[in-house]
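Participant: The structure under discussion is supplied below as structure tokens; questions concerning it will follow.
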Amino acid sequence: MMNEKWSGARARYEAAPVPEELNFAVAAAVRAGGRERKRRRVVRRSLATLASCCACFVLLVNVSPVFARAVYEMPVLGSLARVVTVTQYAIEDKNHLIDVRLPALENTGNTDLEQRINLEIQTRINGVLAEAEDRARQTREAYMATGGAEEDFIPIIISVDYEIKCQNERCLSFILTKTETIASAYTEIYCYNIDLETGKELTLQDVLGPGYREIANAAVRTEIDRRIREEGAGYFDGTDGVEGFQSVTDGQLFYINGAGNPVVLFEKYEIAPGYMGTQEFEIAR
């Protein structure tokens, strides 16, 4: 019975007309040939298949109360039904390659929360993409103005993606990243930690309590010392005028992991040389 409902929903989904905007995005993404572009098309087809399955799943949740109730009672699929869907597109032109995958809150039971978070994500990403596209255009113009050959210009790669870190009945934690690659990669990270029962965005103090700063600082310093001692890691230590880790801040980036512990984040170059990348420290509770 469940398989019949799933097959029926999939058939209805696949029979739906493809929006013109999707045709444009796909056409723009696959304009050019070449081995690398063929590889990218394979990836996109895989993602499109995943999106199709997600759409069928969401359709069944909405049209079949029996299916929705059964899914909700399953520990993994139940949480998925309440949390996110994916909007994605890829565009390629002479200035840049853009690959975007965005999350959206759904089925939390809190419409105001969903609208607020989804609008914030969309507005934020629209802004950073506009800035990145301007930089890509200016970079190409500067390259051409200094005698560079158009066919030798390497487009800037701009990608936006997200990763769910914790998802259960009480909490949703995910990170959104924007990476811009020219000669090297520069990444901006945005963290969302949401109490699904209250609709409140959690702070580090909410998770660790009034002494959160001392607790987090001690954990970070202990782990930095261990990494230096056992792994030979390099961190800024105040020499050459570059300060190392001082303290977590009021707006400290963090996510909540599957064990329910906060993990504080420091972006590239923040407390360590660039080759160390983003630094993460779990604060055990």
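How things are named: the first chain in the structure tokens is A, the next is B, and so on; residues count from 1 in each chain; ligands count from 1 in the order shown.
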Can you tell me, as number ranges by chain, what residues are no more than 12 Å from Cys171 in chain A when counting only C-alpha atoms, ignoring any on the same chain fewer than 2 positions away?
Facilitator: A: 79, 82-83, 108, 164-169, 173-174, 192-202, 207, 255-262
Participant: Restricting the output to N, CA and C atoms, write the selected residues as an mmCIF file, in the first residue's frame.
Facilitator:
```
data_model
loop_
_atom_site.group_PDB
_atom_site.id
_atom_site.type_symbol
_atom_site.label_atom_id
_atom_site.label_comp_id
_atom_site.auth_asym_id
_atom_site.auth_seq_id
_atom_site.Cartn_x
_atom_site.Cartn_y
_atom_site.Cartn_z
ATOM 1 N N SER A 79 12.011 13.657 11.779
ATOM 2 C CA SER A 79 12.647 14.956 11.925
ATOM 3 C C SER A 79 12.849 15.610 10.565
ATOM 4 N N ARG A 82 10.043 17.754 9.266
ATOM 5 C CA ARG A 82 9.764 19.007 9.947
ATOM 6 C C ARG A 82 10.756 20.110 9.608
ATOM 7 N N VAL A 83 11.823 19.790 8.875
ATOM 8 C CA VAL A 83 12.940 20.718 8.897
ATOM 9 C C VAL A 83 13.186 21.479 7.596
ATOM 10 N N THR A 108 7.704 23.054 10.893
ATOM 11 C CA THR A 108 8.108 23.180 12.293
ATOM 12 C C THR A 108 6.915 23.427 13.193
ATOM 13 N N ILE A 164 23.398 20.102 7.710
ATOM 14 C CA ILE A 164 22.658 19.904 8.959
ATOM 15 C C ILE A 164 23.590 19.237 9.963
ATOM 16 N N LYS A 165 23.699 19.806 11.149
ATOM 17 C CA LYS A 165 24.583 19.277 12.189
ATOM 18 C C LYS A 165 23.818 18.504 13.257
ATOM 19 N N CYS A 166 22.624 18.959 13.574
ATOM 20 C CA CYS A 166 21.805 18.266 14.578
ATOM 21 C C CYS A 166 20.343 18.460 14.208
ATOM 22 N N GLN A 167 19.574 17.402 14.299
ATOM 23 C CA GLN A 167 18.165 17.452 13.924
ATOM 24 C C GLN A 167 17.400 16.442 14.751
ATOM 25 N N ASN A 168 16.617 16.934 15.697
ATOM 26 C CA ASN A 168 15.799 16.050 16.515
ATOM 27 C C ASN A 168 14.507 16.758 16.889
ATOM 28 N N GLU A 169 13.767 16.219 17.835
ATOM 29 C CA GLU A 169 12.470 16.790 18.193
ATOM 30 C C GLU A 169 12.587 18.160 18.837
ATOM 31 N N SER A 173 20.047 22.381 14.134
ATOM 32 C CA SER A 173 21.284 23.152 14.005
ATOM 33 C C SER A 173 21.880 22.897 12.625
ATOM 34 N N PHE A 174 22.130 23.959 11.884
ATOM 35 C CA PHE A 174 22.760 23.802 10.584
ATOM 36 C C PHE A 174 23.646 25.001 10.287
ATOM 37 N N TYR A 192 22.961 28.529 12.362
ATOM 38 C CA TYR A 192 21.586 28.624 12.835
ATOM 39 C C TYR A 192 21.343 27.493 13.831
ATOM 40 N N ASN A 193 21.006 27.874 15.057
ATOM 41 C CA ASN A 193 20.725 26.904 16.121
ATOM 42 C C ASN A 193 19.358 27.252 16.685
ATOM 43 N N ILE A 194 18.375 26.412 16.422
ATOM 44 C CA ILE A 194 16.984 26.765 16.709
ATOM 45 C C ILE A 194 16.360 25.786 17.688
ATOM 46 N N ASP A 195 15.766 26.338 18.731
ATOM 47 C CA ASP A 195 14.972 25.558 19.672
ATOM 48 C C ASP A 195 13.590 25.396 19.045
ATOM 49 N N LEU A 196 13.257 24.189 18.583
ATOM 50 C CA LEU A 196 11.997 23.962 17.886
ATOM 51 C C LEU A 196 10.788 24.046 18.802
ATOM 52 N N GLU A 197 10.998 23.946 20.106
ATOM 53 C CA GLU A 197 9.874 24.024 21.041
ATOM 54 C C GLU A 197 9.464 25.469 21.303
ATOM 55 N N THR A 198 10.445 26.385 21.328
ATOM 56 C CA THR A 198 10.146 27.794 21.620
ATOM 57 C C THR A 198 10.246 28.689 20.386
ATOM 58 N N GLY A 199 10.897 28.202 19.340
ATOM 59 C CA GLY A 199 11.103 29.020 18.155
ATOM 60 C C GLY A 199 12.230 30.024 18.324
ATOM 61 N N LYS A 200 13.004 29.886 19.377
ATOM 62 C CA LYS A 200 14.079 30.832 19.668
ATOM 63 C C LYS A 200 15.391 30.357 19.057
ATOM 64 N N GLU A 201 16.176 31.313 18.550
ATOM 65 C CA GLU A 201 17.532 30.987 18.111
ATOM 66 C C GLU A 201 18.437 30.937 19.333
ATOM 67 N N LEU A 202 19.127 29.835 19.512
ATOM 68 C CA LEU A 202 19.934 29.621 20.702
ATOM 69 C C LEU A 202 21.272 30.354 20.629
ATOM 70 N N VAL A 207 22.949 27.468 25.744
ATOM 71 C CA VAL A 207 23.339 26.059 25.736
ATOM 72 C C VAL A 207 24.218 25.700 26.935
ATOM 73 N N TYR A 255 27.798 25.543 16.310
ATOM 74 C CA TYR A 255 26.663 24.688 15.972
ATOM 75 C C TYR A 255 26.537 23.635 17.054
ATOM 76 N N ILE A 256 25.436 22.901 17.029
ATOM 77 C CA ILE A 256 25.212 21.816 17.985
ATOM 78 C C ILE A 256 25.358 20.501 17.233
ATOM 79 N N ASN A 257 26.188 19.614 17.755
ATOM 80 C CA ASN A 257 26.431 18.355 17.048
ATOM 81 C C ASN A 257 25.420 17.279 17.445
ATOM 82 N N GLY A 258 25.577 16.100 16.876
ATOM 83 C CA GLY A 258 24.635 15.022 17.127
ATOM 84 C C GLY A 258 24.569 14.574 18.565
ATOM 85 N N ALA A 259 25.649 14.832 19.335
ATOM 86 C CA ALA A 259 25.664 14.465 20.754
ATOM 87 C C ALA A 259 25.009 15.535 21.617
ATOM 88 N N GLY A 260 24.579 16.630 20.996
ATOM 89 C CA GLY A 260 23.944 17.708 21.755
ATOM 90 C C GLY A 260 24.935 18.704 22.330
ATOM 91 N N ASN A 261 26.210 18.589 21.955
ATOM 92 C CA ASN A 261 27.233 19.507 22.456
ATOM 93 C C ASN A 261 27.468 20.651 21.478
ATOM 94 N N PRO A 262 27.715 21.859 21.988
ATOM 95 C CA PRO A 262 28.057 22.967 21.089
ATOM 96 C C PRO A 262 29.472 22.795 20.549
#
```
Participant: Ranking A:Val160, A:Ala136, A:Val242, A:Ile283 by minimum distance to Val100 in chain A and counting only C-alpha atoms, which one comes first?
Facilitator: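 Going through A:Val160, A:Ala136, A:Val242, A:Ile283 one by one, the smallest distance to Val100 in chain A is for A:Val160.
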Participant: Could you pull out the residues in range 78-180 of chain A that DSSP calls strand (DSSP E or B) from the backbone, as a ChimeraX atom specification?
Facilitator: /A:84-92,96-105,156-167,171-180
Participant: Generate a file of the selected residues that holds C-alpha atoms, formatted as a PDB file, in the first residue's frame.
Facilitator:
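Below is the file result.pdb, written as the result:
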```
ATOM      1  CA  VAL A  84      14.266  21.639   5.458  1.00  0.00           C
ATOM      2  CA  THR A  85      13.846  21.470   1.729  1.00  0.00           C
ATOM      3  CA  VAL A  86      16.437  22.441  -0.874  1.00  0.00           C
ATOM      4  CA  THR A  87      16.493  25.224  -3.456  1.00  0.00           C
ATOM      5  CA  GLN A  88      19.374  24.851  -5.863  1.00  0.00           C
ATOM      6  CA  TYR A  89      20.643  26.257  -9.124  1.00  0.00           C
ATOM      7  CA  ALA A  90      23.871  26.557 -11.097  1.00  0.00           C
ATOM      8  CA  ILE A  91      24.885  29.338 -13.490  1.00  0.00           C
ATOM      9  CA  GLU A  92      28.006  29.602 -15.621  1.00  0.00           C
ATOM     10  CA  HIS A  96      32.040  33.170 -12.721  1.00  0.00           C
ATOM     11  CA  LEU A  97      30.674  29.732 -11.946  1.00  0.00           C
ATOM     12  CA  ILE A  98      27.875  29.881  -9.379  1.00  0.00           C
ATOM     13  CA  ASP A  99      26.570  26.805  -7.578  1.00  0.00           C
ATOM     14  CA  VAL A 100      23.924  27.419  -4.912  1.00  0.00           C
ATOM     15  CA  ARG A 101      22.080  25.060  -2.575  1.00  0.00           C
ATOM     16  CA  LEU A 102      19.917  26.700   0.088  1.00  0.00           C
ATOM     17  CA  PRO A 103      17.948  25.321   3.051  1.00  0.00           C
ATOM     18  CA  ALA A 104      14.421  26.347   4.022  1.00  0.00           C
ATOM     19  CA  LEU A 105      12.604  25.535   7.238  1.00  0.00           C
ATOM     20  CA  ILE A 156      35.742  32.856 -10.179  1.00  0.00           C
ATOM     21  CA  ILE A 157      33.935  29.966  -8.465  1.00  0.00           C
ATOM     22  CA  ILE A 158      31.193  30.952  -6.023  1.00  0.00           C
ATOM     23  CA  SER A 159      29.389  28.251  -4.085  1.00  0.00           C
ATOM     24  CA  VAL A 160      26.730  28.340  -1.386  1.00  0.00           C
ATOM     25  CA  ASP A 161      25.831  25.204   0.532  1.00  0.00           C
ATOM     26  CA  TYR A 162      24.524  24.058   3.892  1.00  0.00           C
ATOM     27  CA  GLU A 163      25.013  21.160   6.258  1.00  0.00           C
ATOM     28  CA  ILE A 164      22.658  19.904   8.959  1.00  0.00           C
ATOM     29  CA  LYS A 165      24.583  19.277  12.189  1.00  0.00           C
ATOM     30  CA  CYS A 166      21.805  18.266  14.578  1.00  0.00           C
ATOM     31  CA  GLN A 167      18.165  17.452  13.924  1.00  0.00           C
ATOM     32  CA  CYS A 171      16.641  21.266  18.165  1.00  0.00           C
ATOM     33  CA  LEU A 172      17.707  22.047  14.631  1.00  0.00           C
ATOM     34  CA  SER A 173      21.284  23.152  14.005  1.00  0.00           C
ATOM     35  CA  PHE A 174      22.760  23.802  10.584  1.00  0.00           C
ATOM     36  CA  ILE A 175      25.498  25.892   9.006  1.00  0.00           C
ATOM     37  CA  LEU A 176      25.372  27.867   5.782  1.00  0.00           C
ATOM     38  CA  THR A 177      28.632  28.512   3.925  1.00  0.00           C
ATOM     39  CA  LYS A 178      29.568  30.793   1.050  1.00  0.00           C
ATOM     40  CA  THR A 179      32.897  30.000  -0.589  1.00  0.00           C
ATOM     41  CA  GLU A 180      34.556  32.231  -3.164  1.00  0.00           C
TER      42      GLU A 180
END
```
Participant: So that I can check the surroundings of Arg137 in chain A, please list as a list of chain:residue names every protein, DNA and RNA residue that reaches within 10 Å of it, counting only C-alpha atoms and ignoring chain neighbours fewer than 5 positions away.
Facilitator: A:Lys94, A:Asn95, A:His96, A:Ala132, A:Ala142, A:Tyr143, A:Pro155, A:Ile156
Participant: Measure the distance from CA of Ile189 in chain A to CA of Asp112 in chain A in Å and round it to one decimal.
Facilitator: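 Separating CA of Ile189 in chain A from CA of Asp112 in chain A is a distance of 24.0 Å.
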Participant: For a test of reading the model, state the distance in Å between CA of Gly238 in chain A and CA of Gly211 in chain A, rounded to one decimal.
Facilitator: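 Between CA of Gly238 in chain A and CA of Gly211 in chain A the gap is 26.0 Å.
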Participant: Mind checking which residues fall within 9 Å of Asn217 in chain A, counting only C-alpha atoms, ignoring those fewer than 5 positions away in the same chain, and posting them as an mmCIF file with C-alpha atoms, in the first residue's frame?
Facilitator:
```cif
data_model
loop_
_atom_site.group_PDB
_atom_site.id
_atom_site.type_symbol
_atom_site.label_atom_id
_atom_site.label_comp_id
_atom_site.auth_asym_id
_atom_site.auth_seq_id
_atom_site.Cartn_x
_atom_site.Cartn_y
_atom_site.Cartn_z
ATOM 1 C CA TYR A 212 29.487 29.816 29.150
ATOM 2 C CA THR A 222 42.969 22.827 26.356
ATOM 3 C CA PHE A 245 42.863 32.866 20.670
ATOM 4 C CA GLN A 246 41.663 35.257 23.377
ATOM 5 C CA SER A 247 38.058 34.383 24.180
ATOM 6 C CA VAL A 248 34.748 33.400 22.667
#
```
Participant: Could you jot down the CA of Ile215 in chain A to CA of Gln252 in chain A separation for me, Å, one decimal place?
Facilitator: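 Between CA of Ile215 in chain A and CA of Gln252 in chain A the gap is 13.5 Å.
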Participant: Just the alpha helix (DSSP H) stuff from range 221-274 of chain A, please, per backbone DSSP, written as number ranges by chain.
Facilitator: A: 221-226
Participant: I need the residue nearest Arg140 in chain A from this list: A:Ile182, A:Leu113, A:Ile125, A:Val264. Use only C-alpha atoms for the distance.
Facilitator: A:Ile182
Participant: Between A:Thr249, A:Gln122, A:Ser184, A:Gln205, single out the one closest to Tyr275 in chain A, counting only C-alpha atoms.
Facilitator: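 Selected residue with least distance to Tyr275 in chain A: A:Ser184.
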Participant: Select, from A:Thr111, A:Gln138, A:Thr187, A:Asn126, the residue with the minimum atom-to-atom distance to Gly274 in chain A, counting only C-alpha atoms.
Facilitator: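 Counting only C-alpha atoms, the residue closest to Gly274 in chain A is A:Thr187.
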